[in-house]
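Below is the file structure-v9.csv, which contains CSV, C-alpha atoms.
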chain,number,residue,atom,x,y,z
A,1,MET,CA,80.2,-1.6,24.8
A,2,SER,CA,80.0,-0.7,28.4
A,3,ALA,CA,82.3,0.8,31.0
A,4,ILE,CA,84.1,-1.7,33.2
A,5,LYS,CA,83.8,-0.5,36.8
A,6,GLU,CA,85.9,-1.8,39.8
A,7,ALA,CA,83.2,-4.2,40.8
A,8,ASP,CA,83.0,-5.8,37.3
A,9,ILE,CA,86.7,-6.6,37.0
A,10,ALA,CA,86.9,-9.9,38.8
A,11,GLY,CA,83.9,-11.3,36.8
A,12,LEU,CA,85.4,-10.3,33.4
A,13,ILE,CA,88.9,-11.8,33.8
A,14,GLY,CA,89.3,-14.6,31.2
A,15,VAL,CA,85.9,-13.9,29.6
A,16,GLU,CA,85.8,-13.7,25.8
A,17,GLN,CA,84.1,-10.4,24.7
A,18,TYR,CA,83.5,-8.4,21.6
A,19,GLU,CA,83.5,-11.1,19.0
A,20,GLU,CA,84.0,-9.4,15.7
A,21,ARG,CA,84.3,-10.7,12.1
A,22,GLY,CA,86.7,-9.1,9.6
A,23,GLU,CA,84.9,-6.8,7.2
A,24,PHE,CA,86.5,-8.5,4.2
A,25,PRO,CA,88.4,-11.7,3.6
A,26,VAL,CA,92.2,-11.9,3.7
A,27,GLU,CA,93.3,-10.9,0.3
A,28,GLN,CA,96.5,-11.3,-1.8
A,29,GLY,CA,96.4,-7.7,-3.1
A,30,TYR,CA,96.7,-6.3,0.4
A,31,VAL,CA,99.6,-8.7,1.1
A,32,TRP,CA,101.4,-7.2,-1.8
A,33,THR,CA,100.6,-3.6,-0.6
A,34,THR,CA,102.1,-4.4,2.7
A,35,CYS,CA,105.2,-6.2,1.4
A,36,SER,CA,105.8,-3.4,-1.0
A,37,SER,CA,105.5,-0.8,1.8
A,38,VAL,CA,108.5,-2.4,3.6
A,39,GLU,CA,110.2,-3.8,0.5
A,40,ASN,CA,109.7,-7.4,1.8
A,41,GLY,CA,110.9,-9.7,-1.0
A,42,ASN,CA,110.2,-13.0,0.9
A,43,PRO,CA,109.3,-15.4,-2.0
A,44,LEU,CA,106.5,-16.9,0.1
A,45,PHE,CA,104.5,-13.8,-0.8
A,46,TRP,CA,105.5,-13.3,-4.4
A,47,ASP,CA,106.2,-16.8,-5.9
A,48,GLU,CA,103.3,-19.2,-5.8
A,49,ALA,CA,105.6,-22.2,-6.5
A,50,VAL,CA,107.7,-21.4,-3.4
A,51,ALA,CA,104.6,-20.8,-1.3
A,52,THR,CA,103.2,-24.2,-2.4
A,53,ALA,CA,106.5,-26.0,-1.7
A,54,VAL,CA,107.2,-24.3,1.7
A,55,THR,CA,103.8,-23.4,3.2
A,56,GLY,CA,101.4,-25.6,1.2
A,57,GLY,CA,100.1,-22.5,-0.7
A,58,PRO,CA,100.1,-18.7,-0.3
A,59,ILE,CA,100.0,-17.2,3.1
A,60,ALA,CA,99.8,-13.7,4.5
A,61,PRO,CA,102.7,-12.2,6.5
A,62,PRO,CA,102.0,-13.3,10.1
A,63,THR,CA,102.5,-9.7,11.5
A,64,MET,CA,99.6,-8.5,9.3
A,65,VAL,CA,97.0,-10.3,11.5
A,66,SER,CA,95.5,-7.1,13.0
A,67,VAL,CA,95.3,-5.5,9.5
A,68,TRP,CA,92.4,-7.7,8.6
A,69,PHE,CA,90.3,-6.1,11.3
A,70,ARG,CA,91.1,-2.5,10.4
A,71,PRO,CA,88.1,-1.3,8.2
A,72,HIS,CA,88.3,0.5,5.0
A,73,HIS,CA,88.0,4.3,5.4
A,74,TRP,CA,84.4,4.1,4.2
A,75,ALA,CA,81.9,1.3,3.4
A,76,PRO,CA,78.2,1.5,2.5
A,77,ASP,CA,75.7,0.8,5.2
A,78,ARG,CA,78.4,0.3,7.8
A,79,SER,CA,77.1,0.1,11.4
A,80,THR,CA,79.4,1.6,14.0
A,81,PRO,CA,82.1,-1.0,14.5
A,82,GLY,CA,83.6,-1.6,17.9
A,83,LEU,CA,86.9,0.1,18.5
A,84,PRO,CA,90.0,-2.0,18.4
A,85,LEU,CA,90.8,-3.0,21.9
A,86,GLN,CA,87.3,-1.9,23.2
A,87,ILE,CA,88.1,-3.4,26.6
A,88,HIS,CA,90.9,-0.8,26.9
A,89,PHE,CA,88.4,2.0,26.4
A,90,ASP,CA,85.8,0.4,28.7
A,91,LEU,CA,88.5,0.3,31.5
A,92,LYS,CA,89.5,3.9,30.9
A,93,GLU,CA,85.8,5.0,31.1
A,94,GLY,CA,84.8,2.8,34.0
A,95,LEU,CA,87.8,3.4,36.2
A,96,GLY,CA,87.8,7.2,35.4
A,97,LEU,CA,91.2,7.3,33.9
A,98,PRO,CA,91.2,9.8,31.1
A,99,GLU,CA,94.7,9.2,29.7
A,100,ALA,CA,96.3,5.9,28.6
A,101,VAL,CA,99.3,4.5,26.8
A,102,MET,CA,100.2,1.0,25.5
A,103,SER,CA,103.6,0.1,26.9
A,104,ASP,CA,104.2,-3.1,25.0
A,105,ASN,CA,102.6,-5.6,22.7
A,106,THR,CA,103.3,-9.4,22.0
A,107,ILE,CA,102.0,-11.4,19.1
A,108,ILE,CA,102.2,-15.3,19.2
A,109,PHE,CA,101.6,-17.0,15.9
A,110,HIS,CA,99.8,-20.2,15.4
A,111,GLU,CA,98.2,-21.5,12.1
A,112,PRO,CA,99.2,-19.5,9.0
A,113,VAL,CA,96.6,-17.0,7.7
A,114,ARG,CA,95.8,-17.5,4.0
A,115,PRO,CA,94.2,-15.5,1.3
A,116,GLY,CA,90.4,-16.1,1.4
A,117,ASP,CA,90.3,-16.7,5.2
A,118,ARG,CA,87.6,-15.0,7.2
A,119,LEU,CA,89.0,-14.2,10.6
A,120,VAL,CA,87.1,-13.7,13.8
A,121,THR,CA,88.5,-11.9,16.8
A,122,ARG,CA,87.7,-11.9,20.5
A,123,GLN,CA,89.1,-9.7,23.3
A,124,ILE,CA,89.9,-11.1,26.8
A,125,LEU,CA,90.8,-9.1,29.9
A,126,ARG,CA,93.7,-11.0,31.6
A,127,SER,CA,94.6,-8.8,34.6
A,128,VAL,CA,94.2,-5.3,36.1
A,129,SER,CA,96.8,-4.1,38.6
A,130,ASP,CA,96.4,-2.2,41.9
A,131,GLN,CA,96.9,1.5,41.7
A,132,LYS,CA,100.5,2.5,40.6
A,133,THR,CA,102.3,5.8,40.1
A,134,THR,CA,104.7,6.3,37.3
A,135,LYS,CA,106.3,9.4,35.8
A,136,LEU,CA,103.1,9.8,33.6
A,137,GLY,CA,100.7,9.9,36.5
A,138,THR,CA,98.7,7.6,38.8
A,139,GLY,CA,96.6,4.8,37.5
A,140,ARG,CA,96.3,1.0,36.7
A,141,PHE,CA,98.1,-1.4,34.4
A,142,TRP,CA,96.0,-3.9,32.5
A,143,VAL,CA,96.7,-6.8,30.1
A,144,ILE,CA,94.3,-7.6,27.3
A,145,ASP,CA,94.6,-10.6,24.9
A,146,VAL,CA,93.1,-10.4,21.4
A,147,GLU,CA,92.5,-13.9,20.0
A,148,TYR,CA,92.3,-14.4,16.2
A,149,ARG,CA,90.7,-17.6,14.7
A,150,ASN,CA,90.0,-18.6,11.1
A,151,GLN,CA,86.7,-19.8,9.6
A,152,ARG,CA,87.5,-23.3,10.8
A,153,GLY,CA,87.9,-22.1,14.4
A,154,GLU,CA,91.6,-22.7,14.4
A,155,LEU,CA,93.7,-20.3,16.4
A,156,VAL,CA,95.9,-18.2,14.1
A,157,ALA,CA,97.4,-15.6,16.6
A,158,VAL,CA,97.1,-14.1,20.1
A,159,GLU,CA,98.0,-10.5,20.6
A,160,SER,CA,98.7,-9.4,24.2
A,161,TYR,CA,98.7,-5.7,25.1
A,162,THR,CA,99.8,-4.0,28.3
A,163,GLY,CA,98.0,-0.7,28.8
A,164,PHE,CA,98.4,1.9,31.5
A,165,GLY,CA,95.4,4.1,32.2
A,166,TYR,CA,96.2,7.1,34.3
A,167,ARG,CA,95.3,10.5,35.5
A,168,ARG,CA,97.9,13.2,35.2
A,169,ALA,CA,99.0,15.2,38.2
A,170,GLU,CA,98.0,18.4,36.4
A,171,ALA,CA,94.9,19.1,34.2
A,172,ALA,CA,94.8,16.8,31.2
A,173,THR,CA,94.4,17.7,27.6
A,174,GLU,CA,93.3,15.4,24.8
A,175,SER,CA,96.1,15.1,22.2
A,176,GLU,CA,94.3,13.3,19.4
A,177,GLY,CA,90.9,12.6,18.1
A,178,THR,CA,90.0,9.3,16.6
A,179,GLY,CA,89.9,5.6,17.2
A,180,ALA,CA,93.5,5.0,18.4
A,181,ALA,CA,94.2,2.9,21.4
A,182,SER,CA,95.8,5.7,23.3
B,1,MET,CA,109.9,-17.2,-15.2
B,2,THR,CA,113.3,-17.3,-13.5
B,3,GLU,CA,113.7,-19.6,-10.5
B,4,THR,CA,113.7,-17.8,-7.2
B,5,THR,CA,116.8,-18.2,-5.1
B,6,ILE,CA,115.9,-19.5,-1.7
B,7,THR,CA,117.9,-18.8,1.5
B,8,LYS,CA,117.5,-21.6,4.0
B,9,ARG,CA,119.3,-20.8,7.2
B,10,LEU,CA,119.6,-24.0,9.3
B,11,HIS,CA,119.4,-23.9,13.1
B,12,GLY,CA,122.8,-25.5,13.6
B,13,THR,CA,124.6,-22.8,11.6
B,14,VAL,CA,123.5,-20.0,14.0
B,15,THR,CA,125.6,-19.1,17.0
B,16,VAL,CA,124.4,-17.2,20.1
B,17,GLY,CA,125.9,-13.7,20.0
B,18,GLU,CA,125.8,-13.6,16.2
B,19,ALA,CA,124.8,-10.3,14.7
B,20,LEU,CA,122.2,-10.0,11.9
B,21,PRO,CA,123.2,-7.8,8.9
B,22,GLU,CA,122.3,-4.2,9.5
B,23,LEU,CA,119.5,-2.7,7.5
B,24,SER,CA,119.5,1.0,6.9
B,25,TYR,CA,116.6,2.8,5.3
B,26,PRO,CA,116.1,6.6,4.6
B,27,VAL,CA,112.5,7.4,5.6
B,28,THR,CA,110.5,9.9,3.5
B,29,ALA,CA,106.9,11.1,3.7
B,30,THR,CA,106.2,8.5,1.1
B,31,THR,CA,107.5,5.7,3.4
B,32,VAL,CA,105.2,6.9,6.2
B,33,VAL,CA,102.1,7.2,4.0
B,34,LEU,CA,102.7,3.8,2.3
B,35,GLY,CA,103.0,2.3,5.7
B,36,ALA,CA,99.8,3.9,7.0
B,37,LEU,CA,97.9,2.7,3.9
B,38,ALA,CA,99.4,-0.8,4.3
B,39,ALA,CA,98.2,-1.0,7.9
B,40,ARG,CA,94.9,0.6,7.2
B,41,ASP,CA,95.7,3.2,9.8
B,42,TRP,CA,93.8,6.3,8.6
B,43,ARG,CA,94.6,8.5,11.6
B,44,PRO,CA,95.7,11.8,10.3
B,45,MET,CA,99.0,12.0,12.2
B,46,HIS,CA,100.3,9.3,9.7
B,47,HIS,CA,99.5,11.3,6.6
B,48,ASP,CA,98.7,15.0,7.4
B,49,LYS,CA,101.7,17.0,8.5
B,50,ASP,CA,99.5,20.0,9.6
B,51,PHE,CA,97.5,17.7,12.0
B,52,ALA,CA,100.7,16.0,13.3
B,53,VAL,CA,102.4,19.3,14.0
B,54,ASN,CA,99.5,21.4,15.3
B,55,ARG,CA,97.4,18.8,17.0
B,56,ASN,CA,99.8,16.1,18.1
B,57,GLY,CA,102.7,18.4,18.7
B,58,THR,CA,105.2,16.2,16.8
B,59,ARG,CA,107.6,17.6,14.3
B,60,ASP,CA,106.1,15.7,11.3
B,61,ILE,CA,104.0,12.7,10.4
B,62,PHE,CA,105.4,9.5,11.8
B,63,VAL,CA,105.6,5.8,11.0
B,64,ASN,CA,102.7,3.8,12.5
B,65,THR,CA,103.4,0.9,14.9
B,66,PRO,CA,101.7,-2.0,12.9
B,67,ASN,CA,103.8,-1.0,9.9
B,68,LEU,CA,107.0,-1.2,12.0
B,69,ALA,CA,105.9,-4.8,12.8
B,70,SER,CA,106.0,-5.4,9.1
B,71,TRP,CA,109.5,-3.9,8.9
B,72,PHE,CA,110.7,-6.1,11.8
B,73,GLU,CA,109.2,-9.2,10.1
B,74,ARG,CA,111.0,-8.3,6.8
B,75,TYR,CA,114.3,-7.8,8.7
B,76,ILE,CA,114.1,-11.2,10.4
B,77,THR,CA,113.0,-13.2,7.3
B,78,ASP,CA,115.6,-11.4,5.1
B,79,TRP,CA,118.1,-13.3,7.4
B,80,THR,CA,116.3,-16.6,7.8
B,81,GLY,CA,114.8,-17.0,4.3
B,82,PRO,CA,111.3,-18.3,3.8
B,83,TYR,CA,111.7,-21.4,6.0
B,84,GLY,CA,112.0,-19.2,9.0
B,85,ARG,CA,108.7,-19.2,10.8
B,86,LEU,CA,107.9,-16.5,13.5
B,87,ARG,CA,106.8,-18.0,16.8
B,88,ARG,CA,106.4,-14.7,18.8
B,89,VAL,CA,107.4,-11.1,18.8
B,90,THR,CA,107.2,-8.5,21.5
B,91,PHE,CA,107.4,-4.8,20.7
B,92,ARG,CA,108.3,-1.9,23.0
B,93,MET,CA,107.6,1.6,21.6
B,94,LEU,CA,110.1,4.2,22.7
B,95,GLY,CA,109.9,7.1,20.2
B,96,SER,CA,108.7,8.1,16.7
B,97,ILE,CA,110.3,7.9,13.3
B,98,PHE,CA,109.9,10.8,11.0
B,99,PRO,CA,110.5,11.7,7.3
B,100,GLY,CA,114.2,12.7,7.0
B,101,ASP,CA,115.3,10.1,9.5
B,102,THR,CA,117.5,7.2,8.5
B,103,MET,CA,116.2,4.2,10.4
B,104,VAL,CA,118.7,1.5,11.2
B,105,PHE,CA,117.7,-2.1,12.2
B,106,ARG,CA,120.3,-4.1,14.2
B,107,GLY,CA,119.7,-7.5,15.7
B,108,THR,CA,121.6,-10.1,17.7
B,109,VAL,CA,120.9,-13.7,18.4
B,110,ILE,CA,120.6,-13.9,22.2
B,111,ASP,CA,119.5,-17.6,22.7
B,112,ALA,CA,118.8,-20.8,20.7
B,113,GLY,CA,117.4,-24.2,21.5
B,114,VAL,CA,115.3,-27.1,20.4
B,115,ASP,CA,111.9,-27.5,22.1
B,116,ASP,CA,110.3,-30.8,23.3
B,117,THR,CA,108.7,-31.3,19.9
B,118,GLY,CA,112.0,-31.1,18.1
B,119,CYS,CA,111.4,-27.6,16.7
B,120,GLY,CA,114.6,-25.5,16.5
B,121,TRP,CA,114.2,-21.9,17.6
B,122,VAL,CA,116.4,-18.8,18.0
B,123,ALA,CA,115.7,-15.7,20.1
B,124,ILE,CA,116.8,-12.3,18.5
B,125,ASP,CA,116.9,-8.9,20.1
B,126,ILE,CA,116.4,-6.2,17.5
B,127,ALA,CA,116.2,-2.4,17.7
B,128,VAL,CA,115.3,0.2,15.1
B,129,SER,CA,117.3,3.3,15.8
B,130,VAL,CA,117.7,6.8,14.5
B,131,ASP,CA,121.1,8.4,15.2
B,132,ASP,CA,121.8,5.5,17.6
B,133,ASP,CA,118.7,6.3,19.6
B,134,ALA,CA,116.4,3.2,19.8
B,135,LYS,CA,112.9,4.1,18.7
B,136,THR,CA,111.3,0.6,19.0
B,137,THR,CA,112.7,-2.7,20.2
B,138,CYS,CA,111.6,-6.1,19.2
B,139,SER,CA,112.3,-9.4,20.9
B,140,ALA,CA,111.5,-12.2,18.5
B,141,ARG,CA,111.6,-16.0,18.5
B,142,VAL,CA,111.7,-17.7,15.2
B,143,ALA,CA,111.7,-21.3,14.2
B,144,LEU,CA,114.4,-22.6,11.8
B,145,PRO,CA,114.8,-26.0,10.2
B,146,VAL,CA,117.1,-28.3,12.2
B,147,THR,CA,118.0,-30.4,9.2
B,148,ASP,CA,117.9,-29.8,5.4
B,149,ASP,CA,114.6,-31.8,5.1
B,150,ASP,CA,113.0,-30.2,8.2
B,151,ASN,CA,110.4,-27.5,7.6
B,152,PRO,CA,108.9,-25.5,10.6
B,153,TRP,CA,105.8,-24.7,8.5
B,154,ASP,CA,104.8,-28.4,8.5
B,155,ARG,CA,104.2,-28.2,12.2
B,156,ARG,CA,100.6,-28.1,13.4
B,157,GLY,CA,98.6,-28.8,16.6
B,158,ASP,CA,100.8,-30.2,19.4
B,159,ARG,CA,103.9,-30.1,17.2
B,160,TRP,CA,103.8,-26.3,17.1
B,161,GLN,CA,104.4,-24.7,20.6
B,162,PRO,CA,105.2,-21.1,19.8
Serialized structure, structure tokens:
Amino acid sequence: MSAIKEADIAGLIGVEQYEERGEFPVEQGYVWTTCSSVENGNPLFWDEAVATAVTGGPIAPPTMVSVWFRPHHWAPDRSTPGLPLQIHFDLKEGLGLPEAVMSDNTIIFHEPVRPGDRLVTRQILRSVSDQKTTKLGTGRFWVIDVEYRNQRGELVAVESYTGFGYRRAEAATESEGTGAAS
Amino acid sequence: MTETTITKRLHGTVTVGEALPELSYPVTATTVVLGALAARDWRPMHHDKDFAVNRNGTRDIFVNTPNLASWFERYITDWTGPYGRLRRVTFRMLGSIFPGDTMVFRGTVIDAGVDDTGCGWVAIDIAVSVDDDAKTTCSARVALPVTDDDNPWDRRGDRWQP
């Protein structure tokens, strides 16, 4: 983890960084926890015969892809994991922009994710804008891709985030404490 | 075990401009906490009202964004049935959803086509609103079977161009 300064940007565009493995395999129980939380009765996730007929066996809901990288609240002997979207924080620090928001987020789905899969993620900086001023303040927009692959190296999803790091016109205050991409 | 009834919405039956059925859901603190747990989002503004009010300055705890993605997925596949396969989704966050709110999902098919590989797709614009005020929007593209024996989930490699 290191701050990305102005001079580093060009050399980091398109470069894969922060390879990280999920702390646990994709699991059926968590699929049910998530489906239950939104009352999703899609038989792909509840009826093995349907999953076998339609998707060649059970799969996880595609939109859960980032869930497999959010750690449990506690685990023994855990080293300090990288923050999700570490590049976002590296840019904030290196460009001296204390505040940031995520304006939008796209997920493109490839191979289905299945219980038992061990996913690997990498972050890729795609672009950093010139200085812009919005109603929030003055700063830079950036686009970060997060690639997800399974244990066979097959692409399962690409998430693309647009962030805006900025400095407020008046004195800034931190609004929240922990690991959020904010 | 009873046999599951399967909805199989075919591409040719969808018309541009068609509205998806509305989904209305009363949000409680339980909804928010279930969603935070499901998304492994342990940040306190999604379960601790005192933190949300006094540190974040919001009126209560609020639904986390990854869980909203799960709500949008459910909204889409309730309509398509299990043969519907998401190609891509884009979210834009506009405001928060709190306990006591009734969130309402509304969606409209805005485009449809068949790509070079023969995969049928539809584009849907969805908004989740509270009191008609959009809180998050979602632009989705989803693949649908073009014939009764077509299955988008069979597509791999060059035959899947999401």
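Using only C-alpha atoms, one finds that the residues of chain B close to chain A, at 6 Å or less, are Leu34, Gly35, Ala38, Ala39, Arg40, Asn56, Trp71, Arg74, Arg87, Arg88, Val89, Thr90, Phe91, Arg92 and Trp153 of chain B.
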Writer output for current selection, C-alpha atoms, as a PDB file, in the frame of the given file:
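New file part_39.pdb:
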ATOM      1  CA  LEU B  34     102.700   3.800   2.300  1.00  0.00           C
ATOM      2  CA  GLY B  35     103.000   2.300   5.700  1.00  0.00           C
ATOM      3  CA  ALA B  38      99.400  -0.800   4.300  1.00  0.00           C
ATOM      4  CA  ALA B  39      98.200  -1.000   7.900  1.00  0.00           C
ATOM      5  CA  ARG B  40      94.900   0.600   7.200  1.00  0.00           C
ATOM      6  CA  ASN B  56      99.800  16.100  18.100  1.00  0.00           C
ATOM      7  CA  TRP B  71     109.500  -3.900   8.900  1.00  0.00           C
ATOM      8  CA  ARG B  74     111.000  -8.300   6.800  1.00  0.00           C
ATOM      9  CA  ARG B  87     106.800 -18.000  16.800  1.00  0.00           C
ATOM     10  CA  ARG B  88     106.400 -14.700  18.800  1.00  0.00           C
ATOM     11  CA  VAL B  89     107.400 -11.100  18.800  1.00  0.00           C
ATOM     12  CA  THR B  90     107.200  -8.500  21.500  1.00  0.00           C
ATOM     13  CA  PHE B  91     107.400  -4.800  20.700  1.00  0.00           C
ATOM     14  CA  ARG B  92     108.300  -1.900  23.000  1.00  0.00           C
ATOM     15  CA  TRP B 153     105.800 -24.700   8.500  1.00  0.00           C
TER      16      TRP B 153
END
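CA of Arg78 in chain A is found 18.9 Å from CA of Val26 in chain A.
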Name the residues within 8 Å of (119.6, -19.7, 10.5), counting only C-alpha atoms in the file's coordinates, and put them as a tab-separated table (two decimals) with C-alpha atoms, in the coordinates of the input.
chain	number	residue	atom	x	y	z
B	8	LYS	CA	117.50	-21.60	4.00
B	9	ARG	CA	119.30	-20.80	7.20
B	10	LEU	CA	119.60	-24.00	9.30
B	11	HIS	CA	119.40	-23.90	13.10
B	12	GLY	CA	122.80	-25.50	13.60
B	13	THR	CA	124.60	-22.80	11.60
B	14	VAL	CA	123.50	-20.00	14.00
B	79	TRP	CA	118.10	-13.30	7.40
B	80	THR	CA	116.30	-16.60	7.80
B	84	GLY	CA	112.00	-19.20	9.00
B	144	LEU	CA	114.40	-22.60	11.80
B	145	PRO	CA	114.80	-26.00	10.20
Show me, as a Markdown table, the residues of range 35-84 of chain B having an atom within 12 Å of range 123-131 of chain B, each with the closest atom pair and its distance in Å, using only C-alpha atoms.
| residue | atom | partner | partner_atom | distance |
| --- | --- | --- | --- | --- |
| B:Val63 | CA | B:Val128 | CA | 11.9 |
| B:Thr65 | CA | B:Val128 | CA | 11.9 |
| B:Leu68 | CA | B:Val128 | CA | 9.0 |
| B:Ala69 | CA | B:Val128 | CA | 10.9 |
| B:Trp71 | CA | B:Val128 | CA | 9.4 |
| B:Phe72 | CA | B:Ile126 | CA | 8.1 |
| B:Glu73 | CA | B:Ile126 | CA | 10.8 |
| B:Tyr75 | CA | B:Ile126 | CA | 9.2 |
| B:Ile76 | CA | B:Ile124 | CA | 8.6 |
| B:Thr77 | CA | B:Ile124 | CA | 11.9 |
| B:Trp79 | CA | B:Ile124 | CA | 11.2 |
| B:Thr80 | CA | B:Ile124 | CA | 11.5 |
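Take CA of Val146 in chain B and CA of Cys119 in chain B: the distance between them is 7.3 Å.
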Straight-line distance linking CA of His46 in chain B with CA of Thr102 in chain B, stated in Å to one decimal: 17.4 Å
From the block you just saw, export range 96-119 of chain A: N, CA and C atoms, as a compact mmCIF listing (two decimals), in the first residue's frame.
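The resulting file, part.txt, is shown below:
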# COMPACT_ATOMS: atom_id res chain seq x y z
N GLY A 96 -3.44 14.28 -2.01
CA GLY A 96 -3.78 15.24 -0.96
C GLY A 96 -5.25 15.64 -0.99
N LEU A 97 -6.13 14.67 -1.23
CA LEU A 97 -7.57 14.96 -1.31
C LEU A 97 -8.26 14.25 -0.15
N PRO A 98 -8.59 14.97 0.91
CA PRO A 98 -9.05 14.32 2.14
C PRO A 98 -10.46 13.73 2.06
N GLU A 99 -11.29 14.22 1.16
CA GLU A 99 -12.67 13.73 1.07
C GLU A 99 -12.83 12.97 -0.23
N ALA A 100 -13.77 12.04 -0.25
CA ALA A 100 -14.05 11.34 -1.51
C ALA A 100 -15.44 10.74 -1.47
N VAL A 101 -16.05 10.62 -2.65
CA VAL A 101 -17.32 9.90 -2.79
C VAL A 101 -17.19 8.98 -4.00
N MET A 102 -18.01 7.94 -3.99
CA MET A 102 -18.14 7.07 -5.15
C MET A 102 -19.41 7.50 -5.86
N SER A 103 -19.31 7.88 -7.13
CA SER A 103 -20.51 8.39 -7.79
C SER A 103 -21.29 7.26 -8.45
N ASP A 104 -20.62 6.33 -9.09
CA ASP A 104 -21.37 5.19 -9.60
C ASP A 104 -20.50 3.96 -9.72
N ASN A 105 -21.15 2.86 -10.01
CA ASN A 105 -20.52 1.55 -9.89
C ASN A 105 -21.20 0.62 -10.89
N THR A 106 -20.38 0.00 -11.77
CA THR A 106 -20.91 -0.95 -12.76
C THR A 106 -20.32 -2.33 -12.48
N ILE A 107 -21.12 -3.37 -12.61
CA ILE A 107 -20.60 -4.74 -12.52
C ILE A 107 -20.96 -5.46 -13.81
N ILE A 108 -19.95 -6.07 -14.44
CA ILE A 108 -20.17 -6.88 -15.64
C ILE A 108 -19.92 -8.33 -15.25
N PHE A 109 -20.85 -9.20 -15.61
CA PHE A 109 -20.81 -10.59 -15.13
C PHE A 109 -20.32 -11.53 -16.22
N HIS A 110 -19.39 -12.41 -15.87
CA HIS A 110 -18.87 -13.39 -16.82
C HIS A 110 -19.24 -14.80 -16.33
N GLU A 111 -18.25 -15.67 -16.09
CA GLU A 111 -18.56 -17.04 -15.64
C GLU A 111 -19.33 -17.01 -14.32
N PRO A 112 -20.30 -17.88 -14.13
CA PRO A 112 -21.00 -17.92 -12.83
C PRO A 112 -20.05 -18.30 -11.69
N VAL A 113 -20.32 -17.76 -10.51
CA VAL A 113 -19.59 -18.11 -9.28
C VAL A 113 -20.35 -19.25 -8.61
N ARG A 114 -19.61 -20.28 -8.18
CA ARG A 114 -20.25 -21.47 -7.62
C ARG A 114 -19.75 -21.76 -6.21
N PRO A 115 -20.62 -22.34 -5.36
CA PRO A 115 -20.15 -22.74 -4.03
C PRO A 115 -18.88 -23.59 -4.15
N GLY A 116 -17.92 -23.30 -3.29
CA GLY A 116 -16.63 -23.99 -3.33
C GLY A 116 -15.55 -23.22 -4.08
N ASP A 117 -15.94 -22.26 -4.93
CA ASP A 117 -14.95 -21.47 -5.65
C ASP A 117 -14.08 -20.67 -4.68
N ARG A 118 -12.83 -20.50 -5.03
CA ARG A 118 -11.92 -19.60 -4.30
C ARG A 118 -11.61 -18.47 -5.28
N LEU A 119 -12.05 -17.28 -4.95
CA LEU A 119 -11.89 -16.17 -5.88
C LEU A 119 -10.64 -15.35 -5.57
